[in-house]
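Shown below: coords_29.txt, with compact mmCIF, C-alpha atoms.
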```txt
# COMPACT_ATOMS: atom_id res chain seq x y z
CA MET A 1 2.36 9.87 16.05
CA ILE A 2 -1.02 11.55 15.87
CA SER A 3 0.10 13.50 12.83
CA CYS A 4 1.25 10.25 11.24
CA PHE A 5 -2.23 8.85 11.59
CA SER A 6 -3.82 11.99 10.23
CA PHE A 7 -1.53 12.04 7.21
CA SER A 8 -1.99 8.38 6.48
CA SER A 9 -5.37 9.17 4.96
CA CYS A 10 -3.85 11.55 2.41
CA GLU A 11 -1.31 9.21 0.88
CA LYS A 12 -1.67 8.70 -2.86
CA ASP A 13 0.18 6.12 -4.85
CA ASP A 14 -2.64 5.15 -7.18
CA ILE A 15 -1.51 7.15 -10.21
CA CYS A 16 1.22 5.80 -12.48
CA ASP A 17 3.99 8.38 -12.54
CA GLY A 18 4.89 9.46 -16.07
CA ASN A 19 8.59 9.16 -15.28
CA THR A 20 8.28 5.48 -14.47
CA LEU A 21 9.94 3.17 -16.96
CA THR A 22 7.02 1.27 -18.50
CA THR A 23 6.43 -0.39 -21.88
CA PRO A 24 9.21 0.88 -24.16
CA ARG A 25 9.06 1.75 -27.86
CA LEU A 26 11.49 0.47 -30.44
CA VAL A 27 14.06 3.14 -31.28
CA ILE A 28 15.20 3.46 -34.90
CA THR A 29 18.12 5.64 -36.00
CA PHE A 30 18.56 6.50 -39.67
CA TYR A 31 22.02 6.54 -41.25
CA ASP A 32 23.49 7.60 -44.58
CA ILE A 33 24.11 4.57 -46.82
CA ASN A 34 27.08 6.35 -48.38
CA ASN A 35 28.63 7.25 -45.07
CA SER A 36 27.53 4.61 -42.58
CA SER A 37 28.71 6.49 -39.51
CA THR A 38 26.70 9.64 -40.26
CA GLU A 39 23.12 10.01 -39.15
CA LYS A 40 20.76 11.12 -41.90
CA SER A 41 17.38 12.79 -41.50
CA VAL A 42 14.30 11.40 -43.20
CA THR A 43 11.81 13.78 -44.81
CA ASN A 44 8.13 13.55 -43.99
CA LEU A 45 8.29 9.90 -43.05
CA SER A 46 4.97 8.40 -42.02
CA ILE A 47 4.91 5.10 -40.17
CA ILE A 48 1.52 3.40 -40.29
CA ALA A 49 0.78 0.05 -38.66
CA ASN A 50 -1.20 -2.51 -40.61
CA GLY A 51 -4.90 -2.03 -40.05
CA MET A 52 -4.43 1.58 -38.87
CA GLU A 53 -5.30 4.73 -40.78
CA ASP A 54 -3.04 7.28 -39.16
CA GLY A 55 0.68 7.19 -38.64
CA ILE A 56 2.37 6.95 -35.28
CA THR A 57 3.06 10.20 -33.48
CA TYR A 58 6.64 10.97 -32.54
CA GLU A 59 7.50 14.16 -30.70
CA GLY A 60 4.08 15.59 -31.43
CA SER A 61 4.03 14.97 -35.15
CA THR A 62 2.89 12.16 -37.44
CA LEU A 63 5.45 13.29 -40.05
CA ILE A 64 8.98 12.43 -38.96
CA ASN A 65 11.78 14.72 -40.08
CA GLY A 66 14.69 13.74 -37.88
CA SER A 67 17.22 10.94 -37.81
CA THR A 68 15.56 9.13 -34.90
CA VAL A 69 12.10 7.75 -34.27
CA ALA A 70 10.53 5.50 -31.62
CA ILE A 71 7.65 3.23 -32.60
CA PRO A 72 5.28 1.23 -30.41
CA LEU A 73 5.01 -2.53 -30.76
CA LYS A 74 1.83 -4.48 -30.12
CA THR A 75 1.76 -5.89 -26.59
CA ASP A 76 -0.78 -8.60 -27.39
CA LEU A 77 0.92 -10.09 -30.46
CA ASP A 78 4.41 -11.33 -31.27
CA THR A 79 4.49 -9.42 -34.53
CA THR A 80 3.80 -5.86 -35.67
CA THR A 81 3.96 -4.67 -39.26
CA PHE A 82 4.44 -1.05 -40.31
CA ARG A 83 4.38 0.80 -43.64
CA PHE A 84 7.30 3.22 -43.80
CA ILE A 85 6.24 5.91 -46.28
CA LEU A 86 8.86 8.50 -47.24
CA ASN A 87 7.73 11.97 -48.41
CA PHE A 88 4.25 11.13 -47.25
CA GLY A 89 1.55 13.30 -48.86
CA SER A 90 3.97 14.92 -51.27
CA SER A 91 2.42 16.35 -54.46
CA ASN A 92 5.34 14.94 -56.39
CA THR A 93 4.27 11.29 -56.36
CA ALA A 94 7.65 10.25 -57.73
CA LEU A 95 9.18 11.10 -54.38
CA VAL A 96 6.72 9.02 -52.35
CA ASN A 97 8.16 5.63 -51.54
CA GLU A 98 6.71 2.90 -49.35
CA ASP A 99 8.53 -0.02 -47.70
CA ILE A 100 7.05 -2.57 -45.35
CA ILE A 101 8.79 -3.81 -42.23
CA GLU A 102 7.55 -6.67 -40.12
CA PHE A 103 8.93 -6.94 -36.58
CA ASN A 104 8.99 -10.40 -34.99
CA TYR A 105 9.65 -10.65 -31.27
CA GLY A 106 8.99 -12.32 -27.99
CA ARG A 107 7.35 -10.53 -25.07
CA GLU A 108 8.03 -10.44 -21.37
CA ASN A 109 5.53 -8.96 -18.91
CA ILE A 110 7.31 -7.37 -15.97
CA PHE A 111 5.73 -6.07 -12.76
CA VAL A 112 6.21 -2.34 -12.26
CA SER A 113 4.04 -1.16 -9.36
CA ARG A 114 0.56 -1.12 -7.91
CA ALA A 115 -0.30 2.03 -9.85
CA CYS A 116 1.27 1.08 -13.19
CA GLY A 117 0.59 -2.63 -13.20
CA PHE A 118 2.86 -4.47 -15.61
CA LYS A 119 4.97 -3.41 -18.57
CA THR A 120 5.99 -5.40 -21.63
CA ASN A 121 9.59 -5.70 -22.73
CA PHE A 122 10.33 -7.10 -26.19
CA ILE A 123 13.11 -9.31 -27.49
CA LEU A 124 13.53 -9.38 -31.26
CA ASN A 125 13.80 -12.88 -32.70
CA THR A 126 17.28 -14.11 -33.59
CA THR A 127 16.30 -15.73 -36.87
CA ASP A 128 13.78 -13.34 -38.41
CA PRO A 129 13.75 -10.19 -36.29
CA ILE A 130 12.85 -8.04 -39.28
CA VAL A 131 11.21 -8.86 -42.59
CA HIS A 132 11.70 -6.06 -45.08
CA THR A 133 9.58 -5.99 -48.24
CA ASP A 134 8.58 -3.48 -50.87
CA ALA A 135 5.13 -1.96 -51.09
CA PRO A 136 2.38 -3.99 -52.87
CA THR A 137 2.68 -1.53 -55.74
CA ALA A 138 6.40 -1.95 -56.29
CA ASP A 139 8.34 1.32 -56.17
CA LEU A 140 11.78 -0.01 -55.32
CA LYS A 141 12.89 -0.16 -51.69
CA TRP A 142 14.12 3.11 -50.25
CA ILE A 143 15.68 1.31 -47.28
CA GLN A 144 19.01 -0.02 -48.56
CA TYR A 145 20.21 -1.83 -45.46
CA TYR A 146 19.28 -2.41 -41.84
CA GLU A 147 21.01 -3.73 -38.79
CA VAL A 148 19.62 -4.86 -35.43
CA GLU A 149 21.69 -3.01 -32.85
CA ASN A 150 19.97 -4.26 -29.69
CA ARG A 151 17.65 -7.25 -29.67
CA THR A 152 16.32 -6.47 -26.22
CA ILE A 153 13.89 -3.58 -26.07
CA ALA A 154 13.70 -2.61 -22.40
CA ASN A 155 14.15 1.16 -22.58
CA GLU A 156 14.19 4.00 -25.08
CA ASN A 157 17.68 5.29 -24.27
CA GLU A 158 19.41 3.24 -26.93
CA THR A 159 18.99 2.49 -30.62
CA HIS A 160 17.50 -0.92 -31.35
CA LEU A 161 17.48 -0.77 -35.13
CA LYS A 162 19.72 1.06 -37.60
CA ILE A 163 18.28 1.85 -41.01
CA TYR A 164 20.55 2.96 -43.86
CA PHE A 165 19.19 4.78 -46.89
CA MET B 1 -13.38 4.56 0.42
CA LYS B 2 -10.32 3.24 2.23
CA HIS B 3 -9.01 6.74 2.69
CA THR B 4 -12.23 8.03 4.14
CA LEU B 5 -12.39 5.08 6.51
CA LYS B 6 -8.87 5.79 7.62
CA SER B 7 -9.49 9.45 8.18
CA ILE B 8 -12.61 8.66 10.17
CA PHE B 9 -10.67 6.38 12.44
CA SER B 10 -7.78 8.81 12.74
CA SER B 11 -10.16 11.48 13.90
CA LEU B 12 -11.79 8.98 16.25
CA LEU B 13 -8.44 8.32 17.82
CA LEU B 14 -7.81 12.02 18.17
CA LEU B 15 -11.22 12.40 19.80
CA SER B 16 -10.59 9.52 22.15
CA LEU B 17 -7.31 11.07 23.21
CA LEU B 18 -9.03 14.38 23.85
CA PHE B 19 -11.70 12.57 25.78
CA ALA B 20 -9.05 10.86 27.83
CA ASN B 21 -7.40 14.17 28.58
CA ALA B 22 -10.73 15.64 29.58
CA GLN B 23 -11.19 12.87 32.10
CA ASP B 24 -7.72 13.37 33.45
CA THR B 25 -8.35 17.02 34.10
CA LYS B 26 -11.57 16.17 35.82
CA ALA B 27 -9.88 13.87 38.27
CA PRO B 28 -7.83 16.42 40.17
CA LYS B 29 -10.81 18.77 40.47
CA PRO B 30 -12.40 17.25 43.54
CA ALA B 31 -9.03 17.50 45.27
CA LYS B 32 -8.78 21.17 44.48
CA ASP B 33 -12.31 21.69 45.71
CA SER B 34 -11.59 20.03 48.99
CA ILE B 35 -8.48 22.14 49.41
CA SER B 36 -10.33 25.35 48.70
CA THR B 37 -13.19 24.44 50.99
CA GLY B 38 -10.58 23.61 53.55
CA LEU B 39 -9.10 27.06 53.17
CA ILE B 40 -12.43 28.75 53.37
CA SER B 41 -13.40 26.92 56.50
CA ALA B 42 -9.96 27.35 57.99
CA LYS B 43 -11.36 29.76 60.58
CA THR B 44 -13.49 27.00 61.99
CA ALA B 45 -10.69 24.54 62.51
CA VAL B 46 -12.91 22.29 64.59
CA ALA B 47 -15.27 21.84 61.70
CA VAL B 48 -12.48 20.90 59.31
CA LYS B 49 -10.92 18.16 61.35
CA PRO B 50 -13.88 15.79 61.48
CA THR B 51 -14.29 15.92 57.69
CA ALA B 52 -10.61 15.09 57.29
CA LYS B 53 -11.10 12.13 59.59
CA THR B 54 -14.01 10.75 57.61
CA ASP B 55 -11.80 10.93 54.53
CA THR B 56 -9.11 8.78 56.06
CA ILE B 57 -11.70 6.33 57.23
CA ALA B 58 -13.06 5.98 53.69
CA ALA B 59 -9.62 5.51 52.10
CA PRO B 60 -8.52 2.26 53.81
CA ALA B 61 -11.48 0.41 52.18
CA VAL B 62 -9.23 -2.16 50.53
CA LYS B 63 -8.91 -1.69 46.79
CA LYS B 64 -8.11 -4.79 44.83
CA ASP B 65 -6.90 -5.04 41.23
CA ARG B 66 -8.10 -8.04 39.31
CA TYR B 67 -5.58 -10.04 37.30
CA GLY B 68 -6.37 -12.46 34.52
CA ILE B 69 -6.66 -13.20 30.87
CA ARG B 70 -8.81 -11.25 28.44
CA LEU B 71 -9.89 -13.09 25.28
CA GLY B 72 -11.90 -11.87 22.34
CA VAL B 73 -12.34 -11.24 18.69
CA ASP B 74 -11.97 -8.38 16.20
CA LEU B 75 -15.51 -7.41 15.27
CA PHE B 76 -14.44 -5.46 12.18
CA LYS B 77 -12.81 -8.42 10.45
CA LEU B 78 -15.64 -10.68 11.52
CA SER B 79 -18.38 -8.43 10.18
CA ARG B 80 -16.48 -7.58 7.01
CA SER B 81 -16.41 -11.26 6.16
CA PHE B 82 -20.19 -11.06 5.83
CA TYR B 83 -20.64 -7.90 3.79
CA ASP B 84 -17.47 -7.95 1.65
CA LYS B 85 -17.45 -10.85 -0.80
CA ASP B 86 -13.75 -10.25 -1.47
CA TYR B 87 -12.79 -10.66 2.18
CA LYS B 88 -12.73 -13.45 4.72
CA GLY B 89 -10.83 -12.98 7.92
CA ILE B 90 -10.79 -13.47 11.63
CA GLU B 91 -8.59 -12.12 14.39
CA LEU B 92 -8.52 -13.43 17.92
CA VAL B 93 -7.11 -11.12 20.55
CA GLY B 94 -5.92 -11.71 24.07
CA ASP B 95 -3.97 -10.13 26.84
CA TYR B 96 -2.65 -11.04 30.26
CA ARG B 97 -2.20 -8.52 33.01
CA TRP B 98 1.47 -8.61 33.98
CA ASP B 99 1.45 -5.87 36.61
CA LYS B 100 -0.61 -2.82 37.51
CA LYS B 101 0.06 -1.03 34.24
CA HIS B 102 1.44 -3.62 31.84
CA TYR B 103 -0.33 -6.22 29.79
CA ILE B 104 1.22 -8.91 27.62
CA ALA B 105 -0.87 -8.81 24.46
CA ALA B 106 -1.23 -10.92 21.34
CA GLU B 107 -3.33 -11.15 18.22
CA VAL B 108 -3.58 -14.13 15.94
CA GLY B 109 -5.47 -14.09 12.66
CA ASN B 110 -6.13 -15.45 9.23
CA GLU B 111 -7.11 -13.50 6.14
CA ASN B 112 -8.20 -14.25 2.60
CA LYS B 113 -8.50 -11.01 0.69
CA THR B 114 -8.91 -10.24 -2.98
CA THR B 115 -7.68 -6.76 -3.87
CA ASP B 116 -9.19 -5.24 -6.96
CA ASP B 117 -7.05 -2.29 -8.05
CA ALA B 118 -7.33 -0.36 -11.28
CA ARG B 119 -4.53 -2.31 -12.94
CA LEU B 120 -4.23 -5.43 -10.80
CA ASN B 121 -6.45 -8.02 -9.19
CA PHE B 122 -4.85 -10.42 -6.74
CA THR B 123 -5.75 -12.68 -3.83
CA THR B 124 -3.74 -12.86 -0.62
CA LYS B 125 -4.17 -15.76 1.81
CA GLY B 126 -2.30 -16.27 5.04
CA SER B 127 -2.00 -16.21 8.80
CA TYR B 128 -0.29 -13.93 11.23
CA LEU B 129 0.71 -13.62 14.85
CA LYS B 130 1.45 -10.45 16.77
CA VAL B 131 2.98 -10.47 20.25
CA GLY B 132 3.89 -7.56 22.48
CA PHE B 133 2.69 -5.46 25.37
CA ASP B 134 0.33 -2.64 26.24
CA TYR B 135 1.00 0.05 28.81
CA ASN B 136 -2.15 1.37 30.45
CA GLY B 137 -1.77 5.08 31.04
CA TYR B 138 -5.26 5.51 32.40
CA GLU B 139 -5.77 6.02 36.14
CA ASN B 140 -8.94 4.19 37.13
CA TRP B 141 -11.12 5.29 40.04
CA LEU B 142 -12.42 2.79 42.53
CA ASP B 143 -13.02 -0.55 40.84
CA MET B 144 -13.13 0.70 37.27
CA GLU B 145 -11.00 -1.28 34.84
CA ASN B 146 -10.83 0.86 31.72
CA ILE B 147 -7.72 1.05 29.63
CA ILE B 148 -6.19 3.73 27.47
CA SER B 149 -2.97 2.23 26.33
CA ILE B 150 0.05 2.55 24.15
CA GLY B 151 1.92 -0.57 23.17
CA LEU B 152 4.25 -2.39 20.86
CA ARG B 153 3.90 -5.58 18.84
CA TYR B 154 6.14 -7.77 16.79
CA GLY B 155 4.16 -9.15 13.89
CA PHE B 156 4.93 -12.12 11.66
CA SER B 157 2.94 -13.35 8.71
CA THR B 158 3.21 -16.33 6.40
CA PHE B 159 1.10 -16.16 3.25
CA ASN B 160 0.75 -16.67 -0.48
CA GLN B 161 -0.43 -14.43 -3.29
CA GLN B 162 -2.21 -15.23 -6.52
CA LEU B 163 -2.21 -12.76 -9.36
CA ASN B 164 -5.62 -13.05 -10.99
CA THR B 165 -5.61 -10.39 -13.70
CA PHE B 166 -3.31 -7.53 -14.69
CA LYS B 167 -3.04 -4.72 -17.19
CA ILE B 168 -0.05 -3.72 -19.24
CA TYR B 169 0.80 -0.06 -18.90
CA ASN B 170 1.70 1.50 -22.22
CA PRO B 171 2.29 5.24 -22.26
CA ASN B 172 1.97 5.13 -26.05
CA GLN B 173 -1.69 5.13 -27.01
CA TYR B 174 -1.27 4.37 -30.74
CA PHE B 175 -2.68 0.88 -30.39
CA GLU B 176 -5.84 0.47 -28.36
CA GLU B 177 -5.20 -0.51 -24.78
CA ILE B 178 -5.50 -4.25 -24.47
CA PRO B 179 -7.93 -5.54 -21.86
CA SER B 180 -6.84 -7.12 -18.57
CA LEU B 181 -4.84 -10.30 -18.98
CA THR B 182 -5.60 -13.38 -16.95
CA SER B 183 -2.65 -14.74 -15.04
CA GLY B 184 -3.42 -17.21 -12.27
CA GLN B 185 0.25 -17.14 -11.26
CA LYS B 186 0.69 -18.22 -7.65
CA TYR B 187 3.46 -17.03 -5.38
CA ASN B 188 3.92 -19.35 -2.42
CA GLY B 189 6.04 -19.33 0.73
CA LEU B 190 6.02 -15.58 1.32
CA THR B 191 6.77 -14.12 4.75
CA ALA B 192 6.96 -10.71 6.36
CA SER B 193 7.67 -9.34 9.80
CA TRP B 194 7.08 -5.94 11.26
CA ILE B 195 6.83 -3.75 14.35
CA GLU B 196 3.56 -2.09 15.36
CA VAL B 197 2.95 0.89 17.59
CA VAL B 198 -0.50 0.45 19.09
CA ALA B 199 -2.72 3.12 20.57
CA GLY B 200 -5.81 1.61 22.07
CA MET B 201 -8.62 1.86 24.53
CA LYS B 202 -10.84 -0.68 26.21
CA ALA B 203 -13.97 0.06 28.18
CA LYS B 204 -15.80 -2.32 30.47
CA VAL B 205 -19.37 -2.36 29.20
CA PHE B 206 -20.71 -4.82 31.78
CA ASP B 207 -19.33 -7.39 34.19
CA ASN B 208 -16.33 -8.94 32.47
CA VAL B 209 -17.09 -7.79 28.94
CA PHE B 210 -14.91 -5.13 27.33
CA VAL B 211 -15.22 -3.25 24.09
CA GLY B 212 -11.98 -1.99 22.62
CA PHE B 213 -10.56 -0.07 19.75
CA SER B 214 -6.97 0.23 18.61
CA LEU B 215 -5.06 2.03 15.91
CA ARG B 216 -1.75 0.74 14.65
CA LEU B 217 1.19 2.19 12.79
CA ASN B 218 3.30 -0.55 11.25
CA ARG B 219 6.81 -0.68 9.90
CA LEU B 220 8.15 -3.65 7.96
CA ILE B 221 11.37 -5.29 9.13
CA THR B 222 11.56 -8.18 6.68
CA ASN B 223 9.56 -8.81 3.54
CA LYS B 224 10.17 -11.82 1.32
CA GLN B 225 8.93 -10.60 -2.05
CA PRO B 226 7.85 -12.83 -4.92
CA GLU B 227 9.68 -12.71 -8.21
CA ASN B 228 8.10 -10.37 -10.77
CA PHE B 229 5.39 -9.28 -8.32
CA GLU B 230 5.18 -7.50 -4.99
CA ASN B 231 3.60 -8.04 -1.60
CA LEU B 232 0.96 -5.36 -2.00
CA TYR B 233 -1.07 -6.79 0.86
CA ILE B 234 0.23 -8.70 3.86
CA PRO B 235 -2.16 -10.45 6.26
CA GLY B 236 -2.06 -8.62 9.59
CA PHE B 237 0.02 -5.77 8.20
CA ASN B 238 -2.58 -4.74 5.63
CA ARG B 239 -1.91 -2.72 2.49
CA THR B 240 1.71 -1.87 1.81
CA TYR B 241 2.74 1.55 0.58
CA ASN B 242 5.84 2.84 -1.13
CA GLY B 243 8.20 2.70 1.79
CA ASP B 244 7.84 0.32 4.69
CA PHE B 245 4.95 1.88 6.61
CA GLY B 246 1.41 0.67 7.00
CA VAL B 247 -1.62 1.28 9.15
CA GLY B 248 -4.23 -0.87 10.79
CA PHE B 249 -6.93 -0.94 13.40
CA ASN B 250 -9.24 -3.32 15.16
CA TYR B 251 -12.49 -3.09 17.05
CA THR B 252 -12.68 -5.79 19.64
CA ILE B 253 -15.05 -7.37 22.08
CA THR B 254 -13.32 -9.32 24.83
CA TYR B 255 -14.19 -11.32 27.89
CA PHE B 256 -12.08 -11.04 31.01
CA VAL B 257 -11.35 -14.25 32.92
CA PRO B 258 -10.21 -13.24 36.41
CA ILE B 259 -7.52 -15.44 37.92
CA PHE B 260 -6.41 -13.65 41.10
CA LYS B 261 -6.58 -10.33 42.91
CA LYS B 262 -3.89 -8.06 44.19
CA VAL B 263 -4.40 -5.50 46.92
CA VAL B 264 -3.61 -2.01 45.79
CA LYS B 265 -1.37 -0.31 48.33
CA PRO B 266 -2.91 3.02 49.15
CA THR B 267 -0.76 5.76 47.69
CA GLU B 268 -2.28 8.48 49.93
CA LYS B 269 0.02 7.59 52.83
CA LYS B 270 3.10 8.21 50.74
CA THR B 271 1.93 11.65 49.81
CA GLU B 272 1.21 12.40 53.45
CA LYS B 273 4.75 11.49 54.46
CA LYS B 274 6.13 13.90 51.93
```

The structure in this file should be written as structure tokens.
Amino acid sequence: MISCFSFSSCEKDDICDGNTLTTPRLVITFYDINNSSTEKSVTNLSIIANGMEDGITYEGSTLINGSTVAIPLKTDLDTTTFRFILNFGSSNTALVNEDIIEFNYGRENIFVSRACGFKTNFILNTTDPIVHTDAPTADLKWIQYYEVENRTIANENETHLKIYF
Amino acid sequence: MKHTLKSIFSSLLLLSLLFANAQDTKAPKPAKDSISTGLISAKTAVAVKPTAKTDTIAAPAVKKDRYGIRLGVDLFKLSRSFYDKDYKGIELVGDYRWDKKHYIAAEVGNENKTTDDARLNFTTKGSYLKVGFDYNGYENWLDMENIISIGLRYGFSTFNQQLNTFKIYNPNQYFEEIPSLTSGQKYNGLTASWIEVVAGMKAKVFDNVFVGFSLRLNRLITNKQPENFENLYIPGFNRTYNGDFGVGFNYTITYFVPIFKKVVKPTEKKTEKK
């Protein structure tokens, strides 16, 4: 019992463990428009939120070159708008193409723990979950089709949005 | 701050236990001395006998144990209410001497505490009752009435929580972290019950006034949690940790109200028969 008392002063649960499931990102998987069951990699895709200068970082890079990406949504607003710029920074300006996607959702704040506080889960709207438009300087949309796979964004283990191009 | 406080009190307990042991070892000493002097003066048997006689004459002086109720207050909670603006609390303590070594003990209290953590700020209000017993393991000399005890309590608390502000944890730092959000959400009708192991000591400072200190290790039995929040603080149980354990202490001043006296049967005779 004495040792219990001595150890009680060493206990630490004030730091939010990185493995804890907290506010999730929205997971997008890219597919081939010509073969809708095949994943397709994007090249140098930059995803920049409105009002931000730099793109989001995914797996250590701001240029995405895979078929999957996870993007953060604003936890203080019910809408977040991103510019999806393909071949970002390419010297061949003909390849650069920008589309704009607006995400509309509801938020739910869920208690996690003393150390982490709360997290926010998102639920994409049923009527207008996604508003897809071309860039202000029209360059034709590179995104041909999209499909909401999971409206509820509670973890990053599943795809929430499928984009075909 | 809390951790340092806890470690200070843990070490205090350790010290008090050592101190208690030290006293215990002192007690048998005079006996040994008398035996050794007896051996030394064994040659002069005549000289030994009278001293033995005077001993037996001194022993029958009737020793009486006082029985009664001890009532008091936890000075820590009382004083904290003055210097900590986020805390208001009081704990009344009492015990009744059941037999020579056992005391029926109880604590009743009320707390109103606002906890300000890095990511949460919440207020807990409620009352609690703890009932159990203490076993006094300390052998008093003559008419001393000190106590070094170990005991058990069953604790029950009824309370409510109010979440004042909270922060959203977002591992992704792309957007600036939003400031604390104001909630005001109230969670009513919460209850918890637990078992406490109590290590304590009480010393008579003068007449019927005792000063005491106790350390408690708690384990939750039941805990009615609110929806979408947690009982991070329970009145009487204190801060909850991952898992069901908690710790507590009190620093009491009590007044003993004597009710009756019991004659202590001299134990020396028994040892002589053996």

Show me, as a compact mmCIF listing (two decimals) with C-alpha atoms, keeping the file's coordinate frame, the residues that have an atom within 9 Å of Ala154 of chain A when counting all atoms listed in the file, minus same-chain residues fewer than 2 positions from it.
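For reference, part04.txt as written:
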```txt
# COMPACT_ATOMS: atom_id res chain seq x y z
CA LEU A 21 9.94 3.17 -16.96
CA THR A 22 7.02 1.27 -18.50
CA THR A 23 6.43 -0.39 -21.88
CA PRO A 24 9.21 0.88 -24.16
CA ARG A 25 9.06 1.75 -27.86
CA LEU A 26 11.49 0.47 -30.44
CA THR A 120 5.99 -5.40 -21.63
CA ASN A 121 9.59 -5.70 -22.73
CA PHE A 122 10.33 -7.10 -26.19
CA ILE A 123 13.11 -9.31 -27.49
CA THR A 152 16.32 -6.47 -26.22
CA GLU A 156 14.19 4.00 -25.08
```

Between B:Tyr138, B:Thr114, B:Tyr174, B:Phe237, which residue has the minimum interatomic distance to Lys85 of chain B, considering only C-alpha atoms?
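Distance minimum relative to Lys85 of chain B lands on B:Thr114.
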
Env of segment 72-80 of chain B: 10 Å cut, atoms = only C-alpha atoms, seq-sep filter 3 positions within chain, self excluded. Answer as a count of residues only.
31

Residue nearest chain A among B:Ala118, B:Ile195, B:Ala203, B:Met144 (counting only C-alpha atoms)
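Ranking B:Ala118, B:Ile195, B:Ala203, B:Met144 by distance to chain A, first place goes to B:Ala118.
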
Atomic separation - atom CA of Asn136 of chain B relative to atom CA of Phe245 of chain B, Å
24.9 Å

From the set B:Leu215, B:Val263, B:Leu71, B:Ile147, which residue has the shortest atom-to-atom contact distance to chain A, counting all atoms listed in the file?
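Result for the nearest residue to chain A: B:Leu215.
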
Mind pulling up the distance from atom CA of Thr159 of chain A to atom CA of Asn172 of chain B?
17.8 Å

Calculated over only C-alpha atoms, which of the candidates B:Leu181, B:Val197, B:Leu217, B:Leu120 has the smallest distance to Phe229 of chain B?
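For Phe229 of chain B, the nearest of the candidates is B:Leu120.
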
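Residues lying within 12 Å of Val42 of chain A, counting only C-alpha atoms and ignoring same-chain neighbours fewer than 6 positions away, are Ile28, Thr29, Phe30, Tyr31, Asp32, Leu63, Ile64, Asn65, Gly66, Ser67, Thr68, Val69, Phe84, Ile85, Leu86, Asn87, Phe88, Asn97, Trp142, Ile143, Ile163, Tyr164 and Phe165 of chain A.
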
Select, from A:Glu108, A:Asp17, A:Glu158, A:Asp139, the residue with the minimum atom-to-atom distance to Asn228 of chain B, counting all atoms listed in the file.
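The shortest atom-to-atom distance to Asn228 of chain B comes from A:Glu108.
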
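Using only C-alpha atoms, the nearest neighbour of chain A within the list B:Val198, B:Ala192, B:Leu129, B:Val205 is B:Val198.
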
Interatomic distance between atom CA of Asp116 of chain B and atom CA of Phe175 of chain B?
25.1 Å

Non-local contacts of Thr80 of chain A (12 Å; only C-alpha atoms; under 2 positions in same chain excluded) as a PyMOL selection string
(chain A and resi 26+47-52+71-78+82-83+100-106+122+124+129-131) or (chain B and resi 175)
